[in-house]
$ cat work_22.txt   # compact mmCIF, C-alpha atoms
# COMPACT_ATOMS: atom_id res chain seq x y z
CA MET A 1 1.77 -2.84 -2.74
CA ASP A 2 -1.13 -2.97 -5.18
CA ALA A 3 -3.74 -0.24 -5.55
CA VAL A 4 -6.20 -1.97 -3.20
CA VAL A 5 -3.56 -1.82 -0.47
CA GLY A 6 -2.61 1.68 -1.55
CA LEU A 7 -6.23 2.74 -1.23
CA LEU A 8 -5.97 2.16 2.50
CA ASP A 9 -2.45 3.45 2.98
CA GLY A 10 -1.30 6.88 4.13
CA PRO A 11 -4.18 9.00 5.52
CA ARG A 12 -6.08 5.90 6.60
CA ALA A 13 -3.37 5.17 9.17
CA GLN A 14 -4.44 8.29 11.06
CA GLY A 15 -7.78 6.73 11.92
CA ALA A 16 -11.13 6.52 10.16
CA PHE A 17 -14.35 7.88 11.67
CA LEU A 18 -16.60 5.06 12.91
CA LEU A 19 -20.12 5.28 14.28
CA ARG A 20 -22.93 2.93 15.30
CA SER A 21 -26.43 4.34 14.73
CA ILE A 22 -29.53 2.98 16.50
CA LEU A 23 -32.79 4.40 15.21
CA THR A 24 -36.55 4.16 15.52
CA PRO A 25 -38.66 5.26 12.52
CA PRO A 26 -39.43 7.73 11.24
CA TRP A 27 -35.89 9.00 10.73
CA SER A 28 -34.01 10.70 7.92
CA ILE A 29 -30.43 12.00 7.94
CA VAL A 30 -28.88 14.18 5.27
CA ILE A 31 -25.12 13.59 4.95
CA LYS A 32 -23.12 16.65 3.93
CA ASP A 33 -19.79 15.76 5.55
CA GLU A 34 -17.94 15.92 2.20
CA ALA A 35 -16.11 12.64 2.91
CA PRO A 36 -14.54 11.13 -0.24
CA LEU A 37 -15.42 7.57 0.79
CA THR A 38 -18.02 6.18 3.18
CA LEU A 39 -18.99 2.61 4.02
CA VAL A 40 -22.40 1.73 5.51
CA ALA A 41 -23.13 -1.76 6.86
CA MET A 42 -26.59 -2.85 8.03
CA VAL A 43 -26.66 -4.87 11.26
CA ARG A 44 -30.43 -5.08 11.71
CA GLY A 45 -33.53 -3.50 10.28
CA ASP A 46 -33.45 -1.76 6.93
CA ALA A 47 -32.61 1.64 5.50
CA TRP A 48 -32.61 3.54 2.25
CA ILE A 49 -29.76 5.48 0.71
CA VAL A 50 -31.07 8.32 -1.41
CA PRO A 51 -28.43 10.01 -3.58
CA ASP A 52 -28.97 13.57 -4.77
CA GLU A 53 -28.86 12.10 -8.27
CA GLY A 54 -29.97 8.58 -9.10
CA ALA A 55 -32.38 6.04 -7.68
CA ALA A 56 -32.80 5.23 -3.99
CA VAL A 57 -31.35 1.89 -2.87
CA ARG A 58 -32.59 -0.23 0.01
CA LEU A 59 -30.22 -1.87 2.50
CA ASP A 60 -31.19 -5.02 4.40
CA PRO A 61 -29.30 -6.79 7.24
CA GLY A 62 -25.86 -7.87 6.07
CA ASP A 63 -25.81 -5.50 3.08
CA VAL A 64 -22.87 -3.13 2.64
CA ALA A 65 -22.89 0.13 0.70
CA ILE A 66 -19.93 2.20 -0.47
CA ILE A 67 -20.60 5.85 -1.21
CA ARG A 68 -17.90 7.44 -3.34
CA GLY A 69 -17.55 11.18 -3.64
CA ALA A 70 -18.11 14.19 -1.48
CA GLY A 71 -21.62 15.01 -2.68
CA PRO A 72 -24.61 15.01 -0.30
CA TYR A 73 -26.94 12.05 0.13
CA THR A 74 -29.68 10.93 2.53
CA VAL A 75 -29.99 7.84 4.71
CA ALA A 76 -33.54 7.21 5.92
CA ASP A 77 -36.09 4.64 7.02
CA ASP A 78 -38.07 5.52 3.90
CA PRO A 79 -37.25 7.72 0.89
CA THR A 80 -40.31 9.86 1.61
CA THR A 81 -39.42 10.68 5.24
CA ALA A 82 -38.63 14.36 5.68
CA PRO A 83 -35.03 15.10 6.80
CA GLN A 84 -34.59 15.55 10.56
CA VAL A 85 -30.82 15.81 10.90
CA ILE A 86 -28.02 17.21 8.75
CA ILE A 87 -24.45 16.00 9.30
CA HIS A 88 -21.87 18.59 8.27
CA PRO A 89 -18.06 18.38 7.89
CA GLY A 90 -16.40 17.51 11.17
CA GLN A 91 -19.48 15.42 12.09
CA ARG A 92 -21.32 18.50 13.31
CA CYS A 93 -25.06 17.80 13.55
CA THR A 94 -27.89 20.29 13.08
CA THR A 95 -31.59 20.31 12.39
CA PRO A 96 -32.63 21.28 8.85
CA ASP A 97 -33.15 24.85 10.06
CA GLY A 98 -29.62 25.06 11.47
CA GLN A 99 -30.05 24.39 15.20
CA GLU A 100 -27.20 22.47 16.82
CA LEU A 101 -27.98 18.92 17.95
CA PHE A 102 -26.17 17.48 20.95
CA GLU A 103 -28.56 14.99 22.53
CA MET A 104 -28.22 12.58 19.59
CA THR A 105 -24.66 11.76 20.69
CA GLN A 106 -25.47 10.49 24.18
CA LEU A 107 -26.18 6.79 23.50
CA GLY A 108 -22.77 5.36 24.42
CA ILE A 109 -19.34 4.71 22.98
CA ARG A 110 -19.31 5.54 19.25
CA THR A 111 -23.10 5.26 19.33
CA TRP A 112 -25.59 7.79 18.02
CA GLY A 113 -29.30 7.78 17.31
CA ASN A 114 -32.76 8.50 18.67
CA SER A 115 -33.37 5.32 20.70
CA LEU A 116 -31.23 2.65 22.33
CA ASP A 117 -34.03 0.16 21.62
CA GLY A 118 -34.45 1.14 17.99
CA PRO A 119 -35.15 -1.67 15.50
CA THR A 120 -32.57 -0.32 13.05
CA MET A 121 -28.81 -0.51 13.59
CA LEU A 122 -26.22 0.49 11.03
CA LEU A 123 -22.48 1.00 11.11
CA THR A 124 -20.82 3.87 9.29
CA GLY A 125 -17.12 4.20 8.48
CA THR A 126 -15.82 7.38 6.88
CA TYR A 127 -12.44 7.67 5.20
CA THR A 128 -10.76 10.98 4.51
CA MET A 129 -8.03 9.82 2.10
CA GLN A 130 -7.37 11.88 -0.99
CA GLY A 131 -4.47 9.85 -2.36
CA ALA A 132 -3.63 9.41 -6.01
CA VAL A 133 -3.09 5.65 -5.55
CA GLY A 134 -6.56 5.12 -4.12
CA GLN A 135 -8.15 7.20 -6.84
CA ARG A 136 -6.91 4.70 -9.44
CA LEU A 137 -9.36 2.22 -7.96
CA LEU A 138 -12.13 4.47 -6.65
CA SER A 139 -12.53 6.23 -9.98
CA ALA A 140 -13.77 2.93 -11.40
CA LEU A 141 -16.61 2.73 -8.88
CA PRO A 142 -20.06 4.19 -9.45
CA PRO A 143 -21.10 6.82 -6.88
CA LEU A 144 -23.07 4.19 -4.96
CA VAL A 145 -22.20 0.48 -4.66
CA VAL A 146 -24.31 -2.02 -2.74
CA VAL A 147 -23.17 -5.59 -2.10
CA PRO A 148 -26.07 -7.69 -0.75
CA ARG A 149 -25.63 -10.24 2.00
CA GLU A 150 -26.75 -13.09 -0.26
CA SER A 151 -23.65 -12.74 -2.40
CA TRP A 152 -21.11 -13.11 0.39
CA ASP A 153 -22.56 -13.28 3.96
CA SER A 154 -19.47 -11.70 5.52
CA PRO A 155 -18.66 -12.38 9.20
CA LEU A 156 -16.98 -8.97 9.38
CA ILE A 157 -20.17 -6.99 9.99
CA PRO A 158 -21.13 -8.67 13.30
CA LEU A 159 -17.49 -8.58 14.39
CA LEU A 160 -17.24 -4.84 13.69
CA ALA A 161 -20.57 -4.30 15.47
CA THR A 162 -19.17 -6.04 18.55
CA GLU A 163 -15.86 -4.16 18.55
CA ILE A 164 -17.18 -0.69 17.77
CA VAL A 165 -18.62 -0.20 21.27
CA LYS A 166 -15.45 -1.26 23.10
CA ASP A 167 -12.99 1.22 24.57
CA ASP A 168 -10.03 -1.09 25.25
CA PRO A 169 -6.39 -0.06 24.78
CA GLY A 170 -5.53 0.07 21.09
CA GLN A 171 -9.19 -0.09 20.10
CA GLU A 172 -8.91 2.55 17.39
CA ALA A 173 -6.26 0.47 15.63
CA VAL A 174 -8.46 -2.64 15.90
CA LEU A 175 -11.41 -0.78 14.40
CA ASP A 176 -9.29 0.67 11.60
CA ARG A 177 -8.14 -2.77 10.59
CA LEU A 178 -11.64 -4.25 10.73
CA LEU A 179 -13.04 -1.42 8.66
CA ASP A 180 -10.22 -1.86 6.16
CA LEU A 181 -10.96 -5.57 5.88
CA LEU A 182 -14.64 -4.93 5.32
CA LEU A 183 -13.92 -2.32 2.67
CA ILE A 184 -11.43 -4.54 0.82
CA ALA A 185 -13.79 -7.53 0.97
CA THR A 186 -16.64 -5.39 -0.37
CA LEU A 187 -14.54 -3.99 -3.20
CA ARG A 188 -13.29 -7.41 -4.21
CA GLU A 189 -16.81 -8.82 -4.20
CA TRP A 190 -18.12 -5.92 -6.25
CA PHE A 191 -15.40 -6.08 -8.89
CA ALA A 192 -15.84 -9.87 -9.20
CA ARG A 193 -19.48 -9.47 -10.18
CA PRO A 194 -20.50 -9.83 -13.84
CA GLY A 195 -20.89 -6.43 -15.41
CA ALA A 196 -18.81 -4.59 -12.82
CA ASN A 197 -16.62 -2.01 -14.50
CA ALA A 198 -13.37 -3.15 -12.90
CA PRO A 199 -10.26 -1.37 -14.22
CA ALA A 200 -8.33 -3.36 -16.81
CA TRP A 201 -5.24 -3.48 -14.59
CA TYR A 202 -7.35 -4.87 -11.72
CA LYS A 203 -8.70 -7.71 -13.85
CA ALA A 204 -5.23 -8.35 -15.29
CA HIS A 205 -3.99 -9.40 -11.84
CA SER A 206 -5.58 -12.81 -12.44
CA ASP A 207 -3.44 -13.43 -15.52
CA PRO A 208 -0.46 -15.68 -14.65
CA VAL A 209 2.00 -13.61 -16.69
CA VAL A 210 0.70 -10.04 -16.54
CA GLY A 211 -0.44 -10.46 -12.94
CA ARG A 212 3.08 -11.45 -11.96
CA ALA A 213 4.52 -8.45 -13.81
CA LEU A 214 2.06 -6.08 -12.12
CA GLN A 215 2.92 -7.52 -8.73
CA MET A 216 6.62 -6.88 -9.30
CA LEU A 217 6.02 -3.31 -10.50
CA HIS A 218 3.79 -2.57 -7.52
CA ASN A 219 6.01 -4.15 -4.91
CA ASN A 220 9.28 -2.64 -6.10
CA PRO A 221 8.70 0.51 -8.16
CA ALA A 222 12.24 1.77 -7.44
CA GLN A 223 13.76 -1.15 -9.35
CA PRO A 224 15.17 -0.04 -12.74
CA TRP A 225 12.67 -2.15 -14.62
CA THR A 226 12.77 -2.75 -18.36
CA VAL A 227 10.48 -4.84 -20.51
CA ALA A 228 13.35 -7.29 -20.86
CA SER A 229 13.88 -7.67 -17.10
CA LEU A 230 10.15 -8.11 -16.50
CA ALA A 231 9.94 -10.67 -19.29
CA ALA A 232 12.85 -12.64 -17.85
CA LYS A 233 11.15 -12.86 -14.45
CA THR A 234 7.78 -13.84 -15.89
CA GLY A 235 9.24 -16.52 -18.18
CA VAL A 236 8.13 -15.15 -21.53
CA SER A 237 9.78 -13.24 -24.34
CA ARG A 238 10.00 -9.46 -24.30
CA ALA A 239 7.67 -9.17 -27.29
CA ALA A 240 5.16 -11.61 -25.77
CA LEU A 241 5.05 -9.71 -22.46
CA ALA A 242 4.69 -6.31 -24.13
CA ARG A 243 1.88 -7.60 -26.35
CA ARG A 244 0.02 -9.42 -23.57
CA PHE A 245 0.46 -6.61 -21.01
CA THR A 246 -0.82 -3.97 -23.43
CA ALA A 247 -3.79 -6.10 -24.46
CA LEU A 248 -4.91 -6.76 -20.89
CA VAL A 249 -3.96 -3.52 -19.10
CA GLY A 250 -4.54 -1.10 -21.97
CA GLU A 251 -1.07 0.43 -22.01
CA PRO A 252 2.53 -0.79 -22.32
CA PRO A 253 4.44 -1.93 -19.22
CA MET A 254 6.76 1.09 -18.99
CA SER A 255 3.90 3.55 -19.45
CA TYR A 256 2.01 1.81 -16.65
CA LEU A 257 5.11 1.90 -14.45
CA THR A 258 5.49 5.64 -14.97
CA GLU A 259 1.90 6.31 -13.93
CA TRP A 260 2.28 4.03 -10.91
CA ARG A 261 5.48 5.75 -9.81
CA LEU A 262 3.94 9.19 -10.14
CA ALA A 263 0.81 8.14 -8.23
CA LEU A 264 3.00 6.86 -5.41
CA ALA A 265 5.07 10.05 -5.53
CA ALA A 266 1.93 12.19 -5.33
CA ASP A 267 0.89 10.43 -2.12
CA LEU A 268 4.38 10.41 -0.58
CA LEU A 269 4.71 14.15 -1.18
CA ARG A 270 1.77 14.68 1.18
CA GLU A 271 3.69 13.18 4.09
CA PRO A 272 5.21 15.73 6.49
CA GLY A 273 8.97 16.12 6.30
CA THR A 274 9.49 14.36 2.99
CA THR A 275 11.77 15.87 0.36
CA VAL A 276 11.43 15.64 -3.38
CA GLY A 277 14.80 13.89 -3.51
CA ALA A 278 13.79 11.26 -0.99
CA VAL A 279 10.52 10.61 -2.81
CA ALA A 280 12.36 10.36 -6.13
CA HIS A 281 14.63 7.67 -4.69
CA ARG A 282 11.70 5.69 -3.28
CA VAL A 283 9.76 5.59 -6.54
CA GLY A 284 12.62 4.91 -8.94
CA TYR A 285 13.85 8.26 -10.19
CA GLY A 286 17.56 9.02 -10.05
CA SER A 287 17.21 12.60 -8.89
CA SER A 288 14.72 15.21 -7.75
CA PHE A 289 15.14 16.88 -11.15
CA ALA A 290 14.13 13.70 -12.99
CA LEU A 291 11.04 13.25 -10.81
CA SER A 292 10.10 16.92 -11.11
CA ALA A 293 10.32 16.81 -14.90
CA ALA A 294 8.19 13.65 -15.15
CA PHE A 295 5.70 14.88 -12.55
CA LYS A 296 5.16 18.23 -14.24
CA ARG A 297 4.95 16.65 -17.68
CA ARG A 298 2.19 14.21 -16.61
CA ARG A 299 0.40 16.24 -13.92
CA GLY A 300 0.90 19.81 -15.01
CA VAL A 301 2.43 21.00 -11.73
CA SER A 302 5.74 20.54 -9.98
CA PRO A 303 6.06 18.24 -6.95
CA ARG A 304 6.40 21.29 -4.69
CA GLN A 305 3.27 22.89 -6.14
CA HIS A 306 1.44 19.61 -5.63
CA ARG A 307 2.56 19.47 -2.00
CA VAL A 308 1.41 23.04 -1.33
CA ALA A 309 -1.98 22.39 -2.95
CA ALA A 310 -2.45 19.22 -0.87
CA GLN A 311 -1.93 21.19 2.35
CA VAL A 312 -4.59 23.77 1.58

$ encode --input "work_22.txt" --output "structure tokens"
Amino acid sequence: MDAVVGLLDGPRAQGAFLLRSILTPPWSIVIKDEAPLTLVAMVRGDAWIVPDEGAAVRLDPGDVAIIRGAGPYTVADDPTTAPQVIIHPGQRCTTPDGQELFEMTQLGIRTWGNSLDGPTMLLTGTYTMQGAVGQRLLSALPPLVVVPRESWDSPLIPLLATEIVKDDPGQEAVLDRLLDLLLIATLREWFARPGANAPAWYKAHSDPVVGRALQMLHNNPAQPWTVASLAAKTGVSRAALARRFTALVGEPPMSYLTEWRLALAADLLREPGTTVGAVAHRVGYGSSFALSAAFKRRRGVSPRQHRVAAQV
């Protein structure tokens, strides 16, 4: 499992929030739902995303935006349109003066807006994951990412727009997978662009030697890896692997493995019913004591303290 897969693992499996919005100008919605990650895809019409800090960005049909972080932002037909709706945590909607809004939810299955015939349609997917694995990738993103249609022309947006209004058996699972695909495709496209600040380990996946080593570390973290065993499987000398890995990833192989194991452990500890011993075994530590010592040394808290904090 690499960090792109890990980004969508764990909490994502419980279901992401998905909504289709159909709107007639003028409209302006302030988002204060505190979601750590939101994806917005334009189906038709146009919209503006106005962060609290930074420049407004326009979305046209086929464009996809990723909003990282729990800070407020505005989505509107025009940056100058006065806010009409505020979306709070739990998707509670109010007017700017605090009055509850209910009529905006009556447009159909997973559909919201002010007009069924509105010229603007956008799809919103909200993730609630807080995992350490996903943060390894998300921390490299700017607060707002926009991938224009011209750079990829993805068929996933019309497919998601078709599926989002269905209520067939298993539909939530179908929508989760489609949203995941759209998010992964958007992230890959963004990080492939010149000037994108992709993490060194992400770019190193394309290297035939270091990429192979990273794949093995990700897929089997419990294996008692050494530089020598990695080098043997990648077909280079131990010194050559250590030198090449450090140059491309920015840290030695065993240091990277430790951070990867502890990130996995941090996410596994959030799962109900898991024990520190079981997590230690899954991520390559011989005992709960060994994991606890490494976890506290790198993260400043014990695994049990981390688990309690995650449940608050």

$ residues_around --input "work_22.txt" --residues "Ala35 of chain A" --least-positions-apart "4" --cutoff "7 Å" --atoms "all atoms listed in the file" --output "short mmCIF file (atom, residue, chain, number, x, y, z; two decimals) with C-alpha atoms, keeping the file's coordinate frame"
data_model
loop_
_atom_site.label_atom_id
_atom_site.label_comp_id
_atom_site.auth_asym_id
_atom_site.auth_seq_id
_atom_site.Cartn_x
_atom_site.Cartn_y
_atom_site.Cartn_z
CA GLY A 69 -17.55 11.18 -3.64
CA ALA A 70 -18.11 14.19 -1.48
CA THR A 126 -15.82 7.38 6.88
CA TYR A 127 -12.44 7.67 5.20
CA THR A 128 -10.76 10.98 4.51
#

$ closest_residue --input "work_22.txt" --among "A:Gly54, A:Gly113, A:Gly108, A:Pro208" --to "Cys93 of chain A" --atoms "all atoms listed in the file"
A:Gly113

$ closest_residue --input "work_22.txt" --among "A:Pro142, A:Glu259, A:Ala242, A:Gly277" --to "Arg297 of chain A" --atoms "only C-alpha atoms"
A:Glu259

$ closest_residue --input "work_22.txt" --among "A:Asn197, A:Thr234, A:Thr111, A:Ser288" --to "Arg212 of chain A" --atoms "all atoms listed in the file"
A:Thr234

$ closest_residue --input "work_22.txt" --among "A:Gln305, A:Thr80, A:Ser237, A:Ser151" --to "Val64 of chain A" --atoms "all atoms listed in the file"
A:Ser151

$ residues_near_point --input "work_22.txt" --point "(-34.8, 5.2, -2.0)" --cutoff "9 Å" --atoms "all atoms listed in the file" --output "list in words"
Ala47, Trp48, Ile49, Val50, Pro51, Ala55, Ala56, Val57, Arg58, Thr74, Val75, Ala76, Asp78, Pro79 and Thr80 of chain A

$ atom_distance --input "work_22.txt" --atom1 "atom CA of Met121 of chain A" --atom2 "atom CA of Asp46 of chain A"
8.2 Å

$ closest_residue --input "work_22.txt" --among "A:Pro221, A:Leu248, A:Ala310, A:Glu189" --to "Arg282 of chain A" --atoms "only C-alpha atoms"
A:Pro221

$ atom_distance --input "work_22.txt" --atom1 "atom CA of Gly98 of chain A" --atom2 "atom CA of Ala65 of chain A"
28.0 Å

$ closest_residue --input "work_22.txt" --among "A:Ala266, A:Ile22, A:Thr246, A:Glu271" --to "Pro303 of chain A" --atoms "only C-alpha atoms"
A:Ala266

$ residues_near_point --input "work_22.txt" --point "(7.3, -10.9, -18.8)" --cutoff "9 Å" --atoms "all atoms listed in the file" --output "list in words"
Val209, Val210, Arg212, Ala213, Val227, Ala228, Ser229, Leu230, Ala231, Ala232, Lys233, Thr234, Gly235, Val236, Ser237, Arg238, Ala239, Ala240, Leu241, Ala242, Arg244 and Phe245 of chain A

$ decode --input "work_22.txt" --residues "segment 49-64 of chain A" --atoms "N, CA, C and O atoms" --output "compact mmCIF listing (two decimals), in the first residue's frame"
# COMPACT_ATOMS: atom_id res chain seq x y z
N ILE A 49 -14.16 29.68 -6.42
CA ILE A 49 -13.81 29.31 -5.05
C ILE A 49 -12.98 30.46 -4.48
O ILE A 49 -11.98 30.87 -5.06
N VAL A 50 -13.45 30.96 -3.35
CA VAL A 50 -12.83 32.13 -2.74
C VAL A 50 -12.31 31.73 -1.36
O VAL A 50 -13.08 31.63 -0.40
N PRO A 51 -11.01 31.45 -1.23
CA PRO A 51 -10.47 31.11 0.08
C PRO A 51 -10.47 32.33 1.00
O PRO A 51 -10.51 33.47 0.53
N ASP A 52 -10.43 32.08 2.31
CA ASP A 52 -10.31 33.19 3.25
C ASP A 52 -9.00 33.94 3.04
O ASP A 52 -8.93 35.14 3.25
N GLU A 53 -7.96 33.19 2.64
CA GLU A 53 -6.68 33.79 2.33
C GLU A 53 -6.25 33.33 0.94
O GLU A 53 -6.31 32.14 0.63
N GLY A 54 -5.82 34.24 0.12
CA GLY A 54 -5.41 33.88 -1.23
C GLY A 54 -6.41 34.34 -2.28
O GLY A 54 -7.52 34.81 -1.96
N ALA A 55 -6.02 34.17 -3.54
CA ALA A 55 -6.82 34.66 -4.65
C ALA A 55 -7.98 33.73 -4.97
O ALA A 55 -7.88 32.51 -4.79
N ALA A 56 -9.07 34.30 -5.48
CA ALA A 56 -10.20 33.51 -5.95
C ALA A 56 -9.81 32.77 -7.22
O ALA A 56 -9.02 33.26 -8.03
N VAL A 57 -10.39 31.57 -7.40
CA VAL A 57 -10.08 30.73 -8.57
C VAL A 57 -11.38 30.33 -9.23
O VAL A 57 -12.32 29.87 -8.56
N ARG A 58 -11.43 30.47 -10.55
CA ARG A 58 -12.63 30.12 -11.30
C ARG A 58 -12.60 28.66 -11.74
O ARG A 58 -11.56 28.14 -12.15
N LEU A 59 -13.76 28.01 -11.67
CA LEU A 59 -13.93 26.64 -12.15
C LEU A 59 -14.86 26.65 -13.35
O LEU A 59 -15.94 27.23 -13.31
N ASP A 60 -14.43 25.97 -14.42
CA ASP A 60 -15.25 25.80 -15.61
C ASP A 60 -15.64 24.33 -15.75
O ASP A 60 -15.11 23.47 -15.03
N PRO A 61 -16.55 23.98 -16.66
CA PRO A 61 -16.98 22.59 -16.80
C PRO A 61 -15.80 21.64 -17.01
O PRO A 61 -14.92 21.90 -17.83
N GLY A 62 -15.77 20.57 -16.24
CA GLY A 62 -14.70 19.59 -16.32
C GLY A 62 -13.55 19.86 -15.38
O GLY A 62 -12.68 19.00 -15.19
N ASP A 63 -13.49 21.04 -14.76
CA ASP A 63 -12.43 21.36 -13.81
C ASP A 63 -12.71 20.66 -12.48
O ASP A 63 -13.86 20.44 -12.09
N VAL A 64 -11.64 20.33 -11.77
CA VAL A 64 -11.75 19.72 -10.45
C VAL A 64 -10.88 20.51 -9.48
O VAL A 64 -9.73 20.84 -9.79
